[in-house]
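Peer 1: Can you read through this structure? Questions will come right after.
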Amino acid sequence: MLNVPPQAFPAPSSQQRVAAGGRAKVPLKPGRSLMDWIRLTKSGKDFTGLKGRLIEVTEDELAKHNKKEDCWICIRGFVYNVTPYMEYHPGGEDELMKAAGADGTDLFDQVHRWVNYESMLKECLVGRMAVKPIAAPKGMLPEKKVLGASAKDLTPSYDWFQTDSLITIVIYTKQKDMNAELVIVDCQDKRLRGEIIVDDNSYLVELDLDHAVQEDLAVNIAEKVGKVEIILKKKDNIHWKMLGQPLESHSTFIKCMDRGLFYRKCKLVSKTEVTHDTKLFCLMLPKSTHLRVPIGHHVYLKQIIAGTEVVKPYTPVLPFLSLDFKEPSRHDGIHIYLMIKIYSCGLFTQALDHLHIGDYISVSNPEGSFKKSQVQTSEDLFLLAAGTGFTPMVKLLNFALTEVRCLRTVKLIFFNKTEDDILWRNQLEQLALADERFEVQFILSQPTKDWVGKQGKISSSLLSEFVKRSRKESKVLICICGPTPFTEQGVQYLKVLGYYQEEIHTFTA
């Protein structure tokens, strides 16, 4: 198989290189939106030139189709003619060309493994490779990437027992400091899925239960010994002869990146206006789900739009910034709050905005690399946010000001176009009055003549004014989130100012 070296995609000069996983969009021509692509795929046009036939493709044949006007790409053993999709690709034609005539699976997974390419490119399917693919497509049995022998002693295990009314599954994680954010449990119909996160690895218990259980479940965690109990209520008080039928991924311990996303349907319970174009969505998790989204981690929302699966990442926030520095009572693991900007021409956000209270939307497991310890070992915390890049900073602010006493300085530098665009301005100003460690600076790029604050865009001079160590050797953490160019420029300016890469964390999805 012709494999493209991962470092070749995205290109070194591409904005997609920014911030370890950030993905840049390029301006598309009029009539080249996602909805335009969906309409085109339903037009009956022959996108492959094969009149509906599927063929086996050899490596030599695949390699011939490596030009913009004739571009085939292999993903998970299946070959697609992406030539007609070139002008519709949000990342631009050049990025697709990095995998032209070759196997682009690794490159695809690096940039956006969460995208349902099978649905997006189904009309472009040429066929499958004549050789055995490295990775199987969705719906087939993937090759397990089990951790090496050295990790066997640390592999979690499980057991179960029952009473007349309860089923208890006990997972022995063999890890200290286990907490609720590292345990994800879903029970849909009779299918139980319990996932334990251990560093960058995932242990999964997944079965079709022997009998039906009630909707609500409980999760108990003995943090110091690493024992997790999943407690299910029997629907009928009968004796179970077995726990259930193991599913294909049951009792596997693999890298989190190899696990794949899991979705559950959440109910929209409220939708509140934050600014003229941004709303706060409150979603309720099912009773049969245990899920806590860690600070700085994001989830994916999935919608079916015009028959095509569309997925977007969003970082959950709190319902409001608490001035008494306590978690709001409704932030209880039952609700997920998302602050979402509604774009007038945005296919996905328009569909979100048209949801009614009581409608359902699919929400994935959390993903992200941020760790609380990054804040807990810092003395100065600086948050650089542009627009809705503010969302990862919400929980981070709450955590820093309530639980990290060693912090001397917590400063938010918040970039927006106009005053009307500033999210939670009043709450942020009140928070600055309530805690002397916290300071917020609003910087506008398109202010009115009445604006008396700072103006401009992110620059070395602005950062040098606001990002300063409280003392010469103080430990600093600088978090950045916003559009890709903003993040890229911010990182470059900070390095010029003498900050090290390990002192900078970029929130990307």
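Naming scheme: A, B, ... for chains in displayed order of the structure tokens; residues 1 onward per chain; ligands 1 onward as shown.
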Which residues, written as an MDAnalysis selection string, have at least one atom at most 10 Å from segment 367-378 of chain A, with only C-alpha atoms counted and residues fewer than 4 positions away on the same chain left out?

Peer 2: chainID A and resid 200 256:257 261 293:300 313 315 396 399:400 403:409 474:479 502:503 505:509

Peer 1: Let's see if you can do this: from backbone DSSP, list all helix (DSSP H, G or I) residues in segment 131-343 of chain A, as JSON, numbers by chain.

Peer 2: {"A": [149, 150, 151, 152, 153, 154, 180, 181, 182, 256, 257, 258, 259]}

Peer 1: Any chance you could list, as a PyMOL selection string, the residues in segment 347-440 of chain A that come up strand (DSSP E or B) when DSSP is run on the backbone?

Peer 2: chain A and resi 360-364+367+380-386+409-416+438-440

Peer 1: Keeping only N, CA, C and O atoms, write the selected residues as a CSV table (one decimal), in the first residue's frame.

Peer 2:
```csv
chain,number,residue,atom,x,y,z
A,360,TYR,N,-34.1,15.8,20.4
A,360,TYR,CA,-32.9,15.0,20.9
A,360,TYR,C,-31.8,15.3,19.9
A,360,TYR,O,-32.0,15.5,18.7
A,361,ILE,N,-30.6,15.2,20.4
A,361,ILE,CA,-29.4,15.3,19.6
A,361,ILE,C,-28.3,14.4,20.1
A,361,ILE,O,-28.3,14.2,21.4
A,362,SER,N,-27.5,13.8,19.3
A,362,SER,CA,-26.5,12.8,19.7
A,362,SER,C,-25.3,13.5,20.2
A,362,SER,O,-24.8,14.5,19.5
A,363,VAL,N,-24.8,13.1,21.3
A,363,VAL,CA,-23.6,13.7,22.0
A,363,VAL,C,-22.6,12.6,22.2
A,363,VAL,O,-22.9,11.5,22.8
A,364,SER,N,-21.3,12.9,21.9
A,364,SER,CA,-20.3,11.8,22.0
A,364,SER,C,-19.6,11.8,23.4
A,364,SER,O,-19.9,12.7,24.2
A,367,GLU,N,-13.4,14.3,24.5
A,367,GLU,CA,-12.1,14.1,24.0
A,367,GLU,C,-11.3,15.4,24.4
A,367,GLU,O,-11.9,16.4,24.6
A,380,ASP,N,1.1,31.5,37.7
A,380,ASP,CA,0.4,32.6,36.8
A,380,ASP,C,-0.4,31.9,35.7
A,380,ASP,O,0.2,31.0,35.0
A,381,LEU,N,-1.7,32.2,35.6
A,381,LEU,CA,-2.5,31.6,34.5
A,381,LEU,C,-3.0,32.7,33.6
A,381,LEU,O,-3.7,33.7,34.1
A,382,PHE,N,-2.7,32.6,32.3
A,382,PHE,CA,-3.2,33.6,31.3
A,382,PHE,C,-4.1,32.9,30.3
A,382,PHE,O,-3.7,31.8,29.8
A,383,LEU,N,-5.2,33.4,30.0
A,383,LEU,CA,-6.2,32.8,29.1
A,383,LEU,C,-6.4,33.8,27.9
A,383,LEU,O,-6.8,34.9,28.1
A,384,LEU,N,-6.0,33.4,26.7
A,384,LEU,CA,-6.2,34.2,25.5
A,384,LEU,C,-7.4,33.6,24.7
A,384,LEU,O,-7.3,32.4,24.3
A,385,ALA,N,-8.4,34.3,24.6
A,385,ALA,CA,-9.6,33.8,23.9
A,385,ALA,C,-10.1,34.8,22.9
A,385,ALA,O,-10.1,36.0,23.1
A,386,ALA,N,-10.6,34.2,21.8
A,386,ALA,CA,-11.3,35.1,20.7
A,386,ALA,C,-12.6,34.5,20.4
A,386,ALA,O,-12.8,33.3,20.1
A,409,THR,N,-1.8,35.0,39.9
A,409,THR,CA,-2.5,35.8,38.8
A,409,THR,C,-3.3,34.9,38.0
A,409,THR,O,-2.9,33.8,37.5
A,410,VAL,N,-4.6,35.3,37.7
A,410,VAL,CA,-5.4,34.7,36.7
A,410,VAL,C,-6.0,35.8,35.8
A,410,VAL,O,-6.7,36.7,36.3
A,411,LYS,N,-5.5,35.8,34.5
A,411,LYS,CA,-5.9,36.9,33.7
A,411,LYS,C,-6.5,36.4,32.4
A,411,LYS,O,-5.9,35.5,31.7
A,412,LEU,N,-7.6,37.0,32.0
A,412,LEU,CA,-8.3,36.6,30.7
A,412,LEU,C,-8.2,37.8,29.8
A,412,LEU,O,-8.6,38.9,30.1
A,413,ILE,N,-7.5,37.6,28.6
A,413,ILE,CA,-7.5,38.6,27.6
A,413,ILE,C,-8.4,38.1,26.5
A,413,ILE,O,-8.2,37.1,25.8
A,414,PHE,N,-9.5,38.9,26.3
A,414,PHE,CA,-10.7,38.4,25.6
A,414,PHE,C,-10.8,39.3,24.3
A,414,PHE,O,-11.2,40.5,24.4
A,415,PHE,N,-10.6,38.7,23.1
A,415,PHE,CA,-10.6,39.4,21.9
A,415,PHE,C,-12.0,39.2,21.2
A,415,PHE,O,-12.5,38.1,21.1
A,416,ASN,N,-12.6,40.3,20.8
A,416,ASN,CA,-13.9,40.3,20.1
A,416,ASN,C,-13.9,41.4,19.0
A,416,ASN,O,-13.0,42.3,19.0
A,438,PHE,N,-8.1,37.8,39.9
A,438,PHE,CA,-8.6,37.7,38.6
A,438,PHE,C,-8.7,39.1,37.9
A,438,PHE,O,-9.2,40.0,38.5
A,439,GLU,N,-8.2,39.2,36.7
A,439,GLU,CA,-8.3,40.4,35.9
A,439,GLU,C,-8.8,40.0,34.5
A,439,GLU,O,-8.4,39.0,33.9
A,440,VAL,N,-9.7,40.8,33.9
A,440,VAL,CA,-10.1,40.6,32.5
A,440,VAL,C,-9.9,41.8,31.7
A,440,VAL,O,-10.1,43.0,32.1
```

Peer 1: If you take only C-alpha atoms and a cut-off of 12 Å, which residues of segment 182-204 of chain A touch segment 157-165 of chain A, and what are their nearest atom pairs and distances in Å to one decimal, in chain and number order, as a tab-separated table?

Peer 2:
```
residue	atom	partner	partner_atom	distance
A:Gly194	CA	A:Tyr158	CA	10.7
A:Glu195	CA	A:Tyr158	CA	11.7
A:Ile196	CA	A:Ser157	CA	10.6
A:Tyr203	CA	A:Ser157	CA	8.6
A:Leu204	CA	A:Ser157	CA	9.6
```

Peer 1: Applying 12 Å and only C-alpha atoms, which residues near Trp72 of chain A remain after dropping the ones on its own chain fewer than 3 positions away? List them as an mmCIF file with C-alpha atoms, in the first residue's frame.

Peer 2:
```cif
data_model
loop_
_atom_site.group_PDB
_atom_site.id
_atom_site.type_symbol
_atom_site.label_atom_id
_atom_site.label_comp_id
_atom_site.auth_asym_id
_atom_site.auth_seq_id
_atom_site.Cartn_x
_atom_site.Cartn_y
_atom_site.Cartn_z
ATOM 1 C CA PHE A 47 -19.070 10.659 -9.682
ATOM 2 C CA THR A 48 -16.752 7.743 -10.455
ATOM 3 C CA VAL A 57 -8.137 -1.315 -7.113
ATOM 4 C CA THR A 58 -4.490 -2.299 -7.168
ATOM 5 C CA GLU A 59 -1.743 -0.155 -5.652
ATOM 6 C CA ASP A 60 -0.455 0.630 -9.131
ATOM 7 C CA GLU A 61 -3.902 1.717 -10.313
ATOM 8 C CA LEU A 62 -4.436 3.880 -7.225
ATOM 9 C CA ALA A 63 -1.083 5.596 -7.752
ATOM 10 C CA LYS A 64 -2.080 6.694 -11.266
ATOM 11 C CA HIS A 65 -4.903 8.881 -9.924
ATOM 12 C CA ASN A 66 -2.808 11.530 -8.181
ATOM 13 C CA LYS A 67 -3.806 14.789 -9.872
ATOM 14 C CA LYS A 68 -6.391 17.434 -8.974
ATOM 15 C CA GLU A 69 -8.404 16.608 -12.070
ATOM 16 C CA ILE A 75 -9.385 5.301 3.459
ATOM 17 C CA PHE A 78 -11.853 1.636 0.393
ATOM 18 C CA VAL A 79 -11.018 3.860 -2.578
ATOM 19 C CA TYR A 80 -12.869 7.110 -3.304
ATOM 20 C CA ASN A 81 -12.712 9.397 -6.321
ATOM 21 C CA VAL A 82 -12.549 12.732 -4.503
ATOM 22 C CA THR A 83 -12.078 14.794 -7.679
ATOM 23 C CA PRO A 84 -15.650 16.188 -7.635
ATOM 24 C CA TYR A 85 -15.334 16.926 -3.891
ATOM 25 C CA MET A 86 -12.167 19.038 -4.258
ATOM 26 C CA LEU A 96 -6.657 16.566 -0.077
ATOM 27 C CA MET A 97 -3.815 16.318 -2.571
ATOM 28 C CA LYS A 98 -1.422 15.260 0.189
ATOM 29 C CA ALA A 99 -3.046 11.816 0.022
ATOM 30 C CA ALA A 100 -3.716 11.691 -3.730
ATOM 31 C CA GLY A 101 -3.102 8.254 -5.201
ATOM 32 C CA ALA A 102 -2.234 6.793 -1.809
ATOM 33 C CA ASP A 103 -3.578 5.493 1.497
ATOM 34 C CA GLY A 104 -4.720 8.549 3.459
ATOM 35 C CA LEU A 121 -18.342 10.313 0.032
ATOM 36 C CA CYS A 124 -17.638 8.710 -4.799
ATOM 37 C CA LEU A 125 -16.860 5.090 -3.877
ATOM 38 C CA VAL A 126 -14.770 3.402 -6.583
ATOM 39 C CA GLY A 127 -14.292 0.082 -4.799
ATOM 40 C CA ARG A 128 -11.891 -1.542 -2.397
ATOM 41 C CA MET A 129 -8.195 -2.280 -2.517
#
```

Peer 1: Counting only C-alpha atoms, figure out which residue out of A:Asp94, A:Asp353, A:Asp216, A:Asp258 gets nearest to Lys287 of chain A.

Peer 2: A:Asp216

Peer 1: Nearest residue to Ser461 of chain A out of A:Leu497, A:Glu215, A:Ile169, A:Ser445, using only C-alpha atoms?

Peer 2: A:Leu497

Peer 1: Write out as an MDAnalysis selection string each polymer residue whose atoms come within 9 Å of Leu347 of chain A, counting only C-alpha atoms; drop sequence neighbours fewer than 4 positions from it.

Peer 2: chainID A and resid 33:35 305 343 351:352
